[in-house]
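Shown next: final-v6.txt, given as compact mmCIF, C-alpha atoms and all ligand atoms.
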# COMPACT_ATOMS: atom_id res chain seq x y z
CA MET A 269 0.00 0.00 0.00
CA HIS A 270 1.24 3.44 -0.92
CA PRO A 271 2.13 5.37 2.28
CA PHE A 272 0.03 8.46 3.04
CA SER A 273 -0.85 10.83 5.86
CA LEU A 274 -4.43 11.52 6.94
CA SER A 275 -5.91 14.69 8.37
CA ARG A 276 -9.47 15.83 8.98
CA ALA A 277 -11.18 18.93 7.63
CA ASP A 278 -13.76 20.88 9.62
CA ASP A 279 -13.99 24.03 7.51
CA PRO A 280 -14.92 23.99 3.80
CA MET A 281 -12.82 27.00 2.81
CA LYS A 282 -9.74 25.63 4.56
CA ALA A 283 -10.30 22.30 2.80
CA VAL A 284 -10.62 23.99 -0.58
CA THR A 285 -7.50 26.07 -0.01
CA ALA A 286 -5.47 23.07 1.15
CA HIS A 287 -6.53 21.14 -1.97
CA ALA A 288 -5.80 24.08 -4.27
CA LEU A 289 -2.28 24.53 -2.92
CA ASP A 290 -1.20 20.90 -2.66
CA PRO A 291 -1.15 18.70 -5.81
CA GLN A 292 -0.41 15.65 -3.64
CA LEU A 293 -3.54 16.02 -1.52
CA ALA A 294 -6.82 14.20 -2.22
CA PHE A 295 -10.21 14.51 -0.55
CA ILE A 296 -11.54 11.28 0.90
CA ALA A 297 -15.20 10.67 1.79
CA GLY A 298 -16.31 7.02 2.07
CA GLY A 299 -13.01 5.80 0.63
CA THR A 300 -14.71 2.96 -1.25
CA ASP A 301 -13.18 3.95 -4.58
CA LEU A 302 -10.12 5.95 -3.61
CA VAL A 303 -8.62 3.30 -1.33
CA GLY A 304 -9.05 0.67 -4.04
CA LEU A 305 -7.35 2.95 -6.54
CA MET A 306 -4.47 3.44 -4.11
CA LYS A 307 -4.12 -0.32 -3.64
CA ASP A 308 -4.05 -0.70 -7.43
CA ARG A 309 -1.56 2.18 -7.61
CA ALA A 310 -3.86 4.05 -10.01
CA ALA A 311 -3.94 6.96 -7.53
CA LEU A 312 -0.96 7.82 -5.34
CA PRO A 313 -1.84 10.84 -3.18
CA GLU A 314 0.61 11.53 -0.36
CA ARG A 315 -1.94 13.28 1.82
CA LEU A 316 -5.62 12.45 2.34
CA LEU A 317 -8.00 15.05 3.70
CA ASP A 318 -11.04 13.41 5.30
CA ILE A 319 -14.00 15.66 4.49
CA ASN A 320 -16.63 13.75 6.47
CA GLY A 321 -16.58 16.36 9.29
CA LEU A 322 -17.53 19.27 7.03
CA PRO A 323 -20.80 20.82 8.22
CA ASN A 324 -24.16 20.66 6.42
CA MET A 325 -22.95 18.48 3.58
CA ALA A 326 -24.89 15.30 4.36
CA ARG A 327 -28.37 16.79 4.22
CA ILE A 328 -31.16 15.92 1.81
CA GLU A 329 -33.37 19.00 1.51
CA LYS A 330 -36.48 19.96 -0.43
CA LEU A 331 -36.01 22.87 -2.81
CA PRO A 332 -38.79 25.37 -3.53
CA ARG A 333 -41.14 24.19 -6.30
CA GLY A 334 -40.41 20.51 -5.86
CA GLY A 335 -36.70 19.99 -6.43
CA ILE A 336 -34.23 18.27 -4.10
CA ARG A 337 -30.75 19.23 -2.91
CA ILE A 338 -28.57 16.29 -1.95
CA GLY A 339 -25.43 17.05 0.07
CA ALA A 340 -22.20 15.61 -1.33
CA LEU A 341 -21.61 13.70 1.93
CA ALA A 342 -25.06 12.10 2.01
CA ARG A 343 -24.65 8.33 1.89
CA MET A 344 -26.02 6.38 -1.07
CA SER A 345 -28.20 4.26 1.23
CA ASP A 346 -29.70 7.34 2.94
CA VAL A 347 -30.56 8.99 -0.36
CA ALA A 348 -32.06 5.78 -1.75
CA ALA A 349 -34.26 5.47 1.35
CA ASP A 350 -35.36 9.12 1.45
CA MET A 351 -39.12 9.32 0.92
CA GLU A 352 -38.99 12.57 -1.07
CA VAL A 353 -36.38 11.14 -3.44
CA ARG A 354 -38.35 7.91 -3.82
CA HIS A 355 -41.57 9.77 -4.47
CA ARG A 356 -40.37 12.59 -6.73
CA PHE A 357 -37.46 10.87 -8.49
CA PRO A 358 -37.74 7.07 -8.36
CA VAL A 359 -35.07 6.90 -11.07
CA ILE A 360 -32.52 8.27 -8.58
CA ALA A 361 -33.51 5.93 -5.77
CA GLU A 362 -33.37 2.93 -8.15
CA ALA A 363 -30.01 3.91 -9.66
CA LEU A 364 -28.60 3.95 -6.13
CA LEU A 365 -30.22 0.70 -5.03
CA PHE A 366 -28.98 -1.19 -8.10
CA ALA A 367 -25.39 -0.07 -7.36
CA ALA A 368 -22.68 -1.88 -5.39
CA SER A 369 -23.79 -3.67 -2.18
CA GLY A 370 -25.62 -2.67 1.01
CA GLN A 371 -22.37 -2.30 2.94
CA LEU A 372 -20.78 -0.16 0.23
CA ARG A 373 -23.87 2.04 -0.08
CA ASN A 374 -23.73 2.70 3.67
CA MET A 375 -20.19 4.07 3.30
CA ALA A 376 -20.22 5.63 -0.15
CA SER A 377 -21.08 9.30 -0.60
CA ILE A 378 -22.91 11.05 -3.42
CA GLY A 379 -19.89 13.25 -4.24
CA GLY A 380 -17.59 10.24 -4.32
CA ASN A 381 -20.04 8.30 -6.47
CA ILE A 382 -20.05 10.79 -9.32
CA MET A 383 -16.24 11.09 -9.02
CA GLN A 384 -15.54 7.34 -9.18
CA ARG A 385 -13.16 6.25 -11.90
CA THR A 386 -13.66 3.76 -14.71
CA ARG A 387 -13.73 0.02 -14.12
CA CYS A 388 -11.72 -0.67 -17.30
CA ALA A 389 -9.65 -3.69 -16.25
CA TYR A 390 -6.49 -2.32 -17.86
CA PHE A 391 -6.82 0.89 -15.86
CA ARG A 392 -7.25 -1.01 -12.59
CA ASP A 393 -4.37 -3.43 -13.32
CA GLU A 394 -1.00 -2.17 -12.16
CA THR A 395 0.79 -4.56 -14.53
CA SER A 396 -1.11 -3.70 -17.73
CA GLY A 397 1.41 -1.06 -18.86
CA ARG A 398 -0.63 0.56 -21.64
CA CYS A 399 -3.36 2.84 -20.33
CA ASN A 400 -3.56 6.54 -21.18
CA LYS A 401 -5.80 7.17 -18.19
CA ARG A 402 -3.24 5.70 -15.80
CA ILE A 403 -0.07 6.78 -17.64
CA PRO A 404 -0.80 9.54 -20.21
CA GLY A 405 0.89 8.74 -23.52
CA SER A 406 1.27 5.00 -22.85
CA GLY A 407 -1.52 3.90 -25.25
CA CYS A 408 -4.86 2.16 -24.82
CA ALA A 409 -4.72 -1.60 -24.34
CA ALA A 410 -8.51 -1.89 -24.60
CA LEU A 411 -8.83 -0.32 -28.06
CA HIS A 412 -7.75 -3.59 -29.73
CA GLY A 413 -7.88 -5.74 -26.60
CA LEU A 414 -10.71 -6.98 -24.37
CA ASN A 415 -13.34 -4.30 -24.91
CA ARG A 416 -16.65 -6.07 -24.31
CA ASN A 417 -17.53 -3.70 -21.44
CA HIS A 418 -16.37 -0.56 -23.19
CA ALA A 419 -17.90 2.39 -25.05
CA ILE A 420 -19.97 2.46 -28.20
CA PHE A 421 -20.44 6.25 -28.26
CA GLY A 422 -18.02 9.17 -28.08
CA TRP A 423 -14.81 7.20 -27.63
CA ALA A 424 -11.40 8.21 -28.94
CA GLU A 425 -8.39 6.12 -29.96
CA ALA A 426 -6.80 7.37 -26.73
CA CYS A 427 -9.49 5.76 -24.53
CA VAL A 428 -12.61 3.65 -24.97
CA ALA A 429 -13.59 3.42 -21.29
CA THR A 430 -17.07 3.91 -19.84
CA ASN A 431 -18.15 5.80 -16.75
CA PRO A 432 -19.27 3.30 -14.07
CA SER A 433 -21.64 5.44 -11.97
CA ASP A 434 -25.32 4.47 -12.04
CA LEU A 435 -26.34 7.58 -10.15
CA ALA A 436 -24.67 9.79 -12.76
CA VAL A 437 -26.96 8.39 -15.47
CA ALA A 438 -30.08 9.27 -13.48
CA LEU A 439 -28.75 12.75 -12.64
CA ALA A 440 -27.92 13.39 -16.30
CA ALA A 441 -31.47 12.44 -17.31
CA MET A 442 -32.87 14.87 -14.75
CA ASP A 443 -30.53 17.72 -15.77
CA ALA A 444 -29.21 18.03 -12.23
CA ILE A 445 -26.68 20.67 -11.17
CA VAL A 446 -23.37 19.93 -9.43
CA VAL A 447 -22.67 22.63 -6.83
CA VAL A 448 -18.94 23.18 -6.29
CA ARG A 449 -17.12 25.32 -3.72
CA ARG A 450 -13.78 26.81 -4.78
CA GLN A 451 -11.48 29.57 -3.53
CA THR A 452 -13.19 32.18 -5.69
CA GLY A 453 -16.74 31.23 -4.70
CA GLU A 454 -19.38 28.80 -5.93
CA ARG A 455 -19.59 27.14 -9.33
CA ARG A 456 -22.77 25.47 -10.61
CA ILE A 457 -22.14 22.85 -13.30
CA PRO A 458 -24.96 21.37 -15.40
CA PHE A 459 -24.70 17.63 -14.89
CA VAL A 460 -24.44 16.81 -18.59
CA GLU A 461 -21.31 19.00 -18.70
CA PHE A 462 -19.72 17.56 -15.54
CA HIS A 463 -18.15 14.45 -17.10
CA ARG A 464 -15.94 14.68 -20.21
CA LEU A 465 -15.41 12.66 -23.33
CA PRO A 466 -11.87 11.28 -23.52
CA ALA A 467 -10.58 13.05 -26.68
CA SER A 468 -6.79 13.26 -26.30
CA THR A 469 -6.80 13.75 -22.50
CA PRO A 470 -8.58 10.71 -21.03
CA GLU A 471 -6.74 11.15 -17.74
CA ARG A 472 -9.37 13.82 -16.98
CA ASP A 473 -12.79 12.31 -16.21
CA ASN A 474 -14.63 15.53 -15.48
CA VAL A 475 -14.34 19.31 -15.55
CA LEU A 476 -13.35 19.81 -11.90
CA GLU A 477 -10.09 21.59 -11.24
CA ARG A 478 -7.70 21.48 -8.30
CA GLY A 479 -9.30 23.24 -5.34
CA ASP A 480 -12.86 22.25 -6.34
CA LEU A 481 -15.00 20.62 -3.63
CA ILE A 482 -18.41 19.24 -4.54
CA ILE A 483 -20.81 20.36 -1.84
CA ALA A 484 -24.15 19.22 -3.26
CA VAL A 485 -26.14 18.03 -6.23
CA GLU A 486 -29.40 19.83 -6.97
CA VAL A 487 -32.20 18.12 -8.85
CA PRO A 488 -34.73 20.68 -10.09
CA ALA A 489 -38.41 19.81 -10.17
CA ARG A 490 -39.20 17.90 -13.36
CA GLN A 491 -42.65 17.08 -14.64
CA GLU A 492 -41.20 13.74 -15.77
CA GLY A 493 -39.61 12.99 -12.37
CA ARG A 494 -42.41 10.88 -10.91
CA GLY A 495 -42.79 8.77 -14.05
CA SER A 496 -39.23 7.56 -14.08
CA HIS A 497 -37.32 4.29 -13.93
CA TYR A 498 -33.71 3.06 -13.92
CA LEU A 499 -33.09 -0.19 -15.76
CA LYS A 500 -29.69 -1.81 -15.33
CA ILE A 501 -28.52 -4.77 -17.44
CA ARG A 502 -25.52 -6.63 -16.04
CA ASP A 503 -23.81 -10.00 -16.21
CA ARG A 504 -25.21 -11.00 -12.81
CA GLN A 505 -28.20 -9.65 -10.97
CA SER A 506 -26.46 -8.04 -8.00
CA TYR A 507 -23.14 -6.47 -7.05
CA GLU A 508 -22.10 -5.78 -10.63
CA PHE A 509 -21.52 -2.75 -12.84
CA ALA A 510 -23.79 -2.09 -15.82
CA LEU A 511 -23.20 -3.54 -19.25
CA VAL A 512 -25.88 -1.10 -20.34
CA SER A 513 -28.27 0.97 -18.25
CA VAL A 514 -31.08 3.42 -18.94
CA ALA A 515 -32.58 6.27 -16.94
CA ALA A 516 -35.99 6.97 -18.46
CA ALA A 517 -38.59 9.53 -17.47
CA VAL A 518 -41.83 10.56 -19.12
CA ALA A 519 -44.73 12.94 -18.77
CA THR A 520 -47.86 11.61 -20.43
CA ASP A 521 -51.39 12.38 -21.43
CA GLY A 522 -52.97 8.99 -20.87
CA ARG A 523 -50.71 6.62 -22.87
CA ARG A 524 -49.35 9.37 -25.13
CA ILE A 525 -45.88 10.73 -24.36
CA LEU A 526 -45.81 14.50 -23.87
CA SER A 527 -42.11 14.67 -23.07
CA ALA A 528 -39.37 12.13 -22.43
CA ARG A 529 -35.92 12.07 -20.84
CA LEU A 530 -33.43 9.32 -21.62
CA ALA A 531 -29.83 8.81 -20.55
CA MET A 532 -27.70 5.70 -20.87
CA GLY A 533 -24.87 4.21 -18.85
CA GLY A 534 -22.26 1.65 -19.85
CA VAL A 535 -22.03 3.10 -23.36
CA ALA A 536 -19.67 6.10 -23.11
CA HIS A 537 -17.04 7.93 -21.07
CA LYS A 538 -19.92 10.00 -19.63
CA PRO A 539 -23.64 9.45 -19.13
CA TRP A 540 -25.03 9.50 -22.67
CA ARG A 541 -28.15 11.54 -23.25
CA LEU A 542 -30.40 10.42 -26.14
CA SER A 543 -31.54 13.93 -27.13
CA VAL A 544 -32.63 13.08 -30.68
CA ALA A 545 -34.75 10.19 -29.41
CA GLU A 546 -36.28 12.38 -26.71
CA SER A 547 -37.62 14.77 -29.36
CA ALA A 548 -38.78 11.92 -31.60
CA LEU A 549 -40.70 10.29 -28.73
CA SER A 550 -42.99 13.25 -28.25
CA GLY A 551 -46.51 12.18 -29.24
CA ALA A 552 -45.69 8.44 -29.41
CA SER A 553 -47.90 5.90 -27.64
CA LEU A 554 -46.34 3.91 -24.80
CA ASP A 555 -48.25 0.91 -26.15
CA ASP A 556 -46.59 1.10 -29.57
CA GLY A 557 -43.28 -0.69 -29.03
CA ASP A 558 -42.29 -0.35 -32.70
CA ALA A 559 -42.77 3.43 -32.62
CA LEU A 560 -40.77 3.69 -29.40
CA LYS A 561 -37.95 1.63 -30.86
CA ALA A 562 -37.94 3.63 -34.10
CA ALA A 563 -37.66 6.87 -32.12
CA ILE A 564 -34.88 5.51 -29.93
CA ARG A 565 -32.97 4.14 -32.94
CA ARG A 566 -32.59 7.70 -34.17
CA SER A 567 -30.06 8.30 -31.38
CA PHE A 568 -27.95 5.31 -32.43
CA GLY A 569 -26.82 6.54 -35.86
CA ASP A 570 -23.48 7.58 -34.39
CA ALA A 571 -22.90 4.37 -32.39
CA ARG A 572 -19.42 2.95 -33.10
CA PRO A 573 -19.12 -0.47 -31.48
CA LEU A 574 -15.71 -2.02 -30.85
CA ALA A 575 -14.64 -5.58 -31.72
CA HIS A 576 -16.34 -7.22 -28.72
CA ASN A 577 -19.29 -5.02 -27.84
CA ALA A 578 -21.53 -4.74 -30.93
CA PHE A 579 -24.22 -6.53 -28.87
CA LYS A 580 -24.63 -3.33 -26.83
CA VAL A 581 -26.22 -1.49 -29.77
CA GLU A 582 -29.30 -3.72 -29.86
CA LEU A 583 -29.33 -4.37 -26.11
CA ALA A 584 -29.28 -0.65 -25.34
CA GLN A 585 -32.22 0.08 -27.64
CA ARG A 586 -34.32 -2.73 -26.18
CA ALA A 587 -33.45 -1.59 -22.66
CA ALA A 588 -34.50 1.97 -23.49
CA VAL A 589 -37.91 0.81 -24.77
CA ARG A 590 -38.47 -1.31 -21.66
CA ALA A 591 -37.37 1.46 -19.28
CA LEU A 592 -39.71 3.95 -20.97
CA GLN A 593 -42.66 1.59 -20.70
CA ILE A 594 -42.02 0.93 -17.00
CA ALA A 595 -41.61 4.67 -16.39
CA GLY A 596 -44.91 5.21 -18.22
CA GLU A 597 -46.71 2.85 -15.82
CA ARG A 598 -45.90 5.30 -13.03
CA THR A 599 -47.43 8.41 -14.53
C1 LIG A 601 -17.05 -3.76 -5.30
C2 LIG A 601 -17.66 -2.46 -5.73
C3 LIG A 601 -18.80 -2.47 -6.51
C4 LIG A 601 -19.37 -1.27 -6.92
N1 LIG A 601 -20.48 -1.28 -7.71
C5 LIG A 601 -21.01 -0.10 -8.15
C6 LIG A 601 -22.13 -0.07 -9.01
O1 LIG A 601 -22.68 -1.10 -9.38
N2 LIG A 601 -22.59 1.14 -9.39
C7 LIG A 601 -22.03 2.32 -9.00
O2 LIG A 601 -22.50 3.40 -9.37
N3 LIG A 601 -20.95 2.32 -8.19
C8 LIG A 601 -20.44 1.15 -7.77
N4 LIG A 601 -19.34 1.14 -6.97
C9 LIG A 601 -18.66 2.40 -6.71
C10 LIG A 601 -19.12 3.08 -5.45
O3 LIG A 601 -20.44 3.54 -5.62
C11 LIG A 601 -18.14 4.23 -5.24
O4 LIG A 601 -16.92 3.65 -4.82
C12 LIG A 601 -18.61 5.22 -4.21
O5 LIG A 601 -19.82 5.81 -4.57
C13 LIG A 601 -17.56 6.30 -4.00
O6 LIG A 601 -17.97 7.12 -2.92
P1 LIG A 601 -16.95 7.36 -1.71
O7 LIG A 601 -17.61 8.35 -0.81
O8 LIG A 601 -16.51 6.09 -1.09
O9 LIG A 601 -15.76 8.07 -2.52
P2 LIG A 601 -14.22 8.09 -2.18
O10 LIG A 601 -13.62 6.77 -2.49
O11 LIG A 601 -13.99 8.65 -0.82
O12 LIG A 601 -13.75 9.16 -3.24
C14 LIG A 601 -13.80 8.89 -4.62
C15 LIG A 601 -13.23 10.08 -5.36
O13 LIG A 601 -14.06 11.22 -5.19
C16 LIG A 601 -13.33 12.31 -4.66
N5 LIG A 601 -14.29 13.01 -3.81
C17 LIG A 601 -15.06 12.45 -2.84
N6 LIG A 601 -15.90 13.37 -2.34
C18 LIG A 601 -15.65 14.53 -3.02
C19 LIG A 601 -16.18 15.87 -2.96
N7 LIG A 601 -17.17 16.17 -2.12
N8 LIG A 601 -15.68 16.80 -3.79
C20 LIG A 601 -14.70 16.49 -4.67
N9 LIG A 601 -14.15 15.25 -4.76
C21 LIG A 601 -14.62 14.30 -3.94
C22 LIG A 601 -12.16 11.69 -3.92
O14 LIG A 601 -11.06 12.57 -3.85
C23 LIG A 601 -11.85 10.51 -4.85
O15 LIG A 601 -11.11 10.96 -5.95
C24 LIG A 601 -18.78 -0.04 -6.52
C25 LIG A 601 -17.64 -0.04 -5.70
C26 LIG A 601 -17.08 -1.23 -5.32
C27 LIG A 601 -15.84 -1.19 -4.45
S1 LIG A 602 -9.98 2.31 -22.28
FE1 LIG A 602 -9.11 4.08 -21.21
S2 LIG A 602 -8.91 3.30 -19.15
FE2 LIG A 602 -9.04 1.50 -20.49
S3 LIG A 602 -6.95 0.96 -21.15
FE3 LIG A 602 -7.76 2.37 -22.65
S4 LIG A 602 -7.01 4.36 -21.90
FE4 LIG A 602 -6.94 2.98 -20.18

Kindly present the structure from the file in structure tokens form.
Ligand SMILES: Cc1cc2nc3c(=O)[nH]c(=O)nc-3n(C[C@H](O)[C@H](O)[C@H](O)COP(=O)(O)OP(=O)(O)OC[C@H]3O[C@@H](n4cnc5c(N)ncnc54)[C@H](O)[C@@H]3O)c2cc1C
Ligand code: SF4
Amino acid sequence: MHPFSLSRADDPMKAVTAHALDPQLAFIAGGTDLVGLMKDRAALPERLLDINGLPNMARIEKLPRGGIRIGALARMSDVAADMEVRHRFPVIAEALLFAASGQLRNMASIGGNIMQRTRCAYFRDETSGRCNKRIPGSGCAALHGLNRNHAIFGWAEACVATNPSDLAVALAAMDAIVVVRRQTGERRIPFVEFHRLPASTPERDNVLERGDLIIAVEVPARQEGRGSHYLKIRDRQSYEFALVSVAAAVATDGRRILSARLAMGGVAHKPWRLSVAESALSGASLDDGDALKAAIRRSFGDARPLAHNAFKVELAQRAAVRALQIAGERT
């Protein structure tokens, strides 16, 4: 294990300043991803700053007009069990409940969840040698290697990894906001802009900069929130990351879709919003599976499967239809 020192933060501004000034310092919340990365030598911070003592960051609060603010230190299990979250945004509660295990969800924080790093096996393997995310410039072993679990959208030759967070997919569908504290004040980042595509700098997963502390995620009121569902397809039914997942939400007039929200996980370096399909779904009947599939297919024109993951193209479309129909049952 890489040696490190540990200190505890009790003041957000001091924590932000310490992080901004020290490139060898990392925040730690639940530690369920960071400690694993340190064991795999994919992260080697010399100093850990435990942020669990920071005030007012574990709350789940109602926002005016029906939104919800979730503190970055709220635990996954607490958010999944919160009655307001379950009632207003079932897609968020389900994305959390289908993730990891009960023990992990009790430890893992919301901020840490959206910051977790890819599960690409080459990235997690200290001996793999070629991984641009681990060692920039070293190449991508997955591009022509074992890439069954990798991206079909938005990848680059430098990296074909996917983002592993289930919660992130639900938050992208709901157009949540990531609230960040930094030395110069507060920054509010639209969720769909929080994670990055790999391009030529896959070592950067998101747009945060040194000295940025996530303090909360805000989910504005959405007319589609109540009629929402998270569908996760994986190799085994529990304790497994998604092969493909869908966050679907609809507002309806009877069985006719008025508006739809769709985001996918397991298909790209960031949660992948199906914007073209969302527009095409307007007016479609939830009972017309062919029409739903035709609308969803319109977002798959730019899918670029790799050698071992072409199955995801069909699987993802079927999953999206199913998730929409289940979401529609809740409206
Ligand atoms: C076996 C296993 C299975 C899993 N399965 C799933 C799954 O199916 N689906 C899923 O979504 N996840 C899964 N996970 C991932 C798990 O959800 C994450 O490890 C967890 O959410 C991370 O939260 P944490 O508080 O422990 O973060 P930490 O490990 O403490 O931190 C993770 C990263 O976030 C940074 N960070 C933490 N808080 C903040 C903050 N407030 N501001 C800025 N940076 C911050 C840290 O510096 C670090 O870089 C699994 C994990 C394991 C170990
Ligand atoms: S896909 Fe990305 S994380 Fe995986 S080996 Fe290639 S560069 Fe590394």

Protein and nucleic acid residues within 6 Å of ligand LIG 601 (chain A) (all atoms listed in the file) as a PDB file with C-alpha atoms, in the frame of the given file:
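Once everything was written out, this is out20.pdb:
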ATOM      1  CA  ALA A 294      -6.820  14.200  -2.220  1.00  0.00           C
ATOM      2  CA  PHE A 295     -10.210  14.510  -0.550  1.00  0.00           C
ATOM      3  CA  ILE A 296     -11.540  11.280   0.900  1.00  0.00           C
ATOM      4  CA  ALA A 297     -15.200  10.670   1.790  1.00  0.00           C
ATOM      5  CA  GLY A 298     -16.310   7.020   2.070  1.00  0.00           C
ATOM      6  CA  GLY A 299     -13.010   5.800   0.630  1.00  0.00           C
ATOM      7  CA  THR A 300     -14.710   2.960  -1.250  1.00  0.00           C
ATOM      8  CA  ASP A 301     -13.180   3.950  -4.580  1.00  0.00           C
ATOM      9  CA  LEU A 302     -10.120   5.950  -3.610  1.00  0.00           C
ATOM     10  CA  ALA A 340     -22.200  15.610  -1.330  1.00  0.00           C
ATOM     11  CA  ALA A 367     -25.390  -0.070  -7.360  1.00  0.00           C
ATOM     12  CA  ALA A 368     -22.680  -1.880  -5.390  1.00  0.00           C
ATOM     13  CA  ALA A 376     -20.220   5.630  -0.150  1.00  0.00           C
ATOM     14  CA  SER A 377     -21.080   9.300  -0.600  1.00  0.00           C
ATOM     15  CA  GLY A 379     -19.890  13.250  -4.240  1.00  0.00           C
ATOM     16  CA  GLY A 380     -17.590  10.240  -4.320  1.00  0.00           C
ATOM     17  CA  ASN A 381     -20.040   8.300  -6.470  1.00  0.00           C
ATOM     18  CA  MET A 383     -16.240  11.090  -9.020  1.00  0.00           C
ATOM     19  CA  GLN A 384     -15.540   7.340  -9.180  1.00  0.00           C
ATOM     20  CA  PRO A 432     -19.270   3.300 -14.070  1.00  0.00           C
ATOM     21  CA  SER A 433     -21.640   5.440 -11.970  1.00  0.00           C
ATOM     22  CA  ASP A 434     -25.320   4.470 -12.040  1.00  0.00           C
ATOM     23  CA  LEU A 435     -26.340   7.580 -10.150  1.00  0.00           C
ATOM     24  CA  LEU A 481     -15.000  20.620  -3.630  1.00  0.00           C
ATOM     25  CA  ILE A 482     -18.410  19.240  -4.540  1.00  0.00           C
ATOM     26  CA  ILE A 483     -20.810  20.360  -1.840  1.00  0.00           C
ATOM     27  CA  TYR A 507     -23.140  -6.470  -7.050  1.00  0.00           C
ATOM     28  CA  GLU A 508     -22.100  -5.780 -10.630  1.00  0.00           C
ATOM     29  CA  PHE A 509     -21.520  -2.750 -12.840  1.00  0.00           C
TER      30      PHE A 509
END

> Residues at most 12 Å from ligand LIG 602 (chain A), using all atoms listed in the file? Could they come as a ChimeraX atom specification?
Replying inline: /A:310,385-420,423-432,465-473,536-537,574

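From CA of Asn474 (chain A) back to CA of Arg309 (chain A), the distance works out to 20.3 Å.
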
> Which residues, written as a list of chain:residue names, have at least one atom at most 12 Å from Met351 (chain A), with all atoms listed in the file counted and residues fewer than 4 positions away on the same chain left out?
Replying inline: A:Ile328, A:Glu329, A:Lys330, A:Ile336, A:Asp346, A:Val347, A:His355, A:Arg356, A:Phe357, A:Pro358, A:Ile360, A:Ala361

> Of the candidates A:Ser553, A:Gln593, A:Ser506, A:Ser345, which shows the shortest atom-to-atom distance to Arg523 (chain A), using only C-alpha atoms?
Replying inline: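 Smallest distance to Arg523 (chain A) is found for A:Ser553.
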
Within 8 Å of Arg343 (chain A), counting all atoms listed in the file, which residues qualify if same-chain residues fewer than 6 places away don't, as a compact mmCIF listing (two decimals) with C-alpha atoms, keeping the file's coordinate frame?
# COMPACT_ATOMS: atom_id res chain seq x y z
CA ALA A 326 -24.89 15.30 4.36
CA ARG A 373 -23.87 2.04 -0.08
CA ASN A 374 -23.73 2.70 3.67
CA MET A 375 -20.19 4.07 3.30
CA ALA A 376 -20.22 5.63 -0.15
CA SER A 377 -21.08 9.30 -0.60
CA ILE A 378 -22.91 11.05 -3.42

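The neighbours of Ser547 (chain A) here are the residues that come within 10 Å of it, using only C-alpha atoms and leaving out any residue fewer than 3 positions away in the same chain; they are Leu526, Ser527, Ala528, Arg529, Leu542, Ser543, Val544, Ser550, Gly551, Ala563, Ile564 and Arg566 of chain A.
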
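Distances here use all atoms listed in the file; by that measure, the residue among A:Lys307, A:Lys282, A:Arg598, A:Arg449 closest to Gly495 (chain A) is A:Arg598.
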
>> For a test of reading the model, state the distance in Å between CA of Gly334 (chain A) and CA of Ala489 (chain A), rounded to one decimal.
In response: 4.8 Å

>> As an exercise, work out the distance from CA of Leu530 (chain A) to CA of Asp570 (chain A) in Å and give it to one decimal place.
In response: 16.3 Å

> Which residue, A:Phe421, A:Leu549, A:Pro271, A:Asn577, has the smallest gap to Thr520 (chain A) when you use only C-alpha atoms?
Replying inline: A:Leu549

>> Please list as number ranges by chain every residue within 8 Å of Arg478 (chain A), counting only C-alpha atoms and excluding residues in the same chain fewer than 3 positions away.
In response: A: 287-288, 291

>> Counting all atoms listed in the file, which residue out of A:Val514, A:Val353, A:Asp555, A:Glu546 sits closest to Gln585 (chain A)?
In response: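 Closest to Gln585 (chain A), using all atoms listed in the file: A:Val514.
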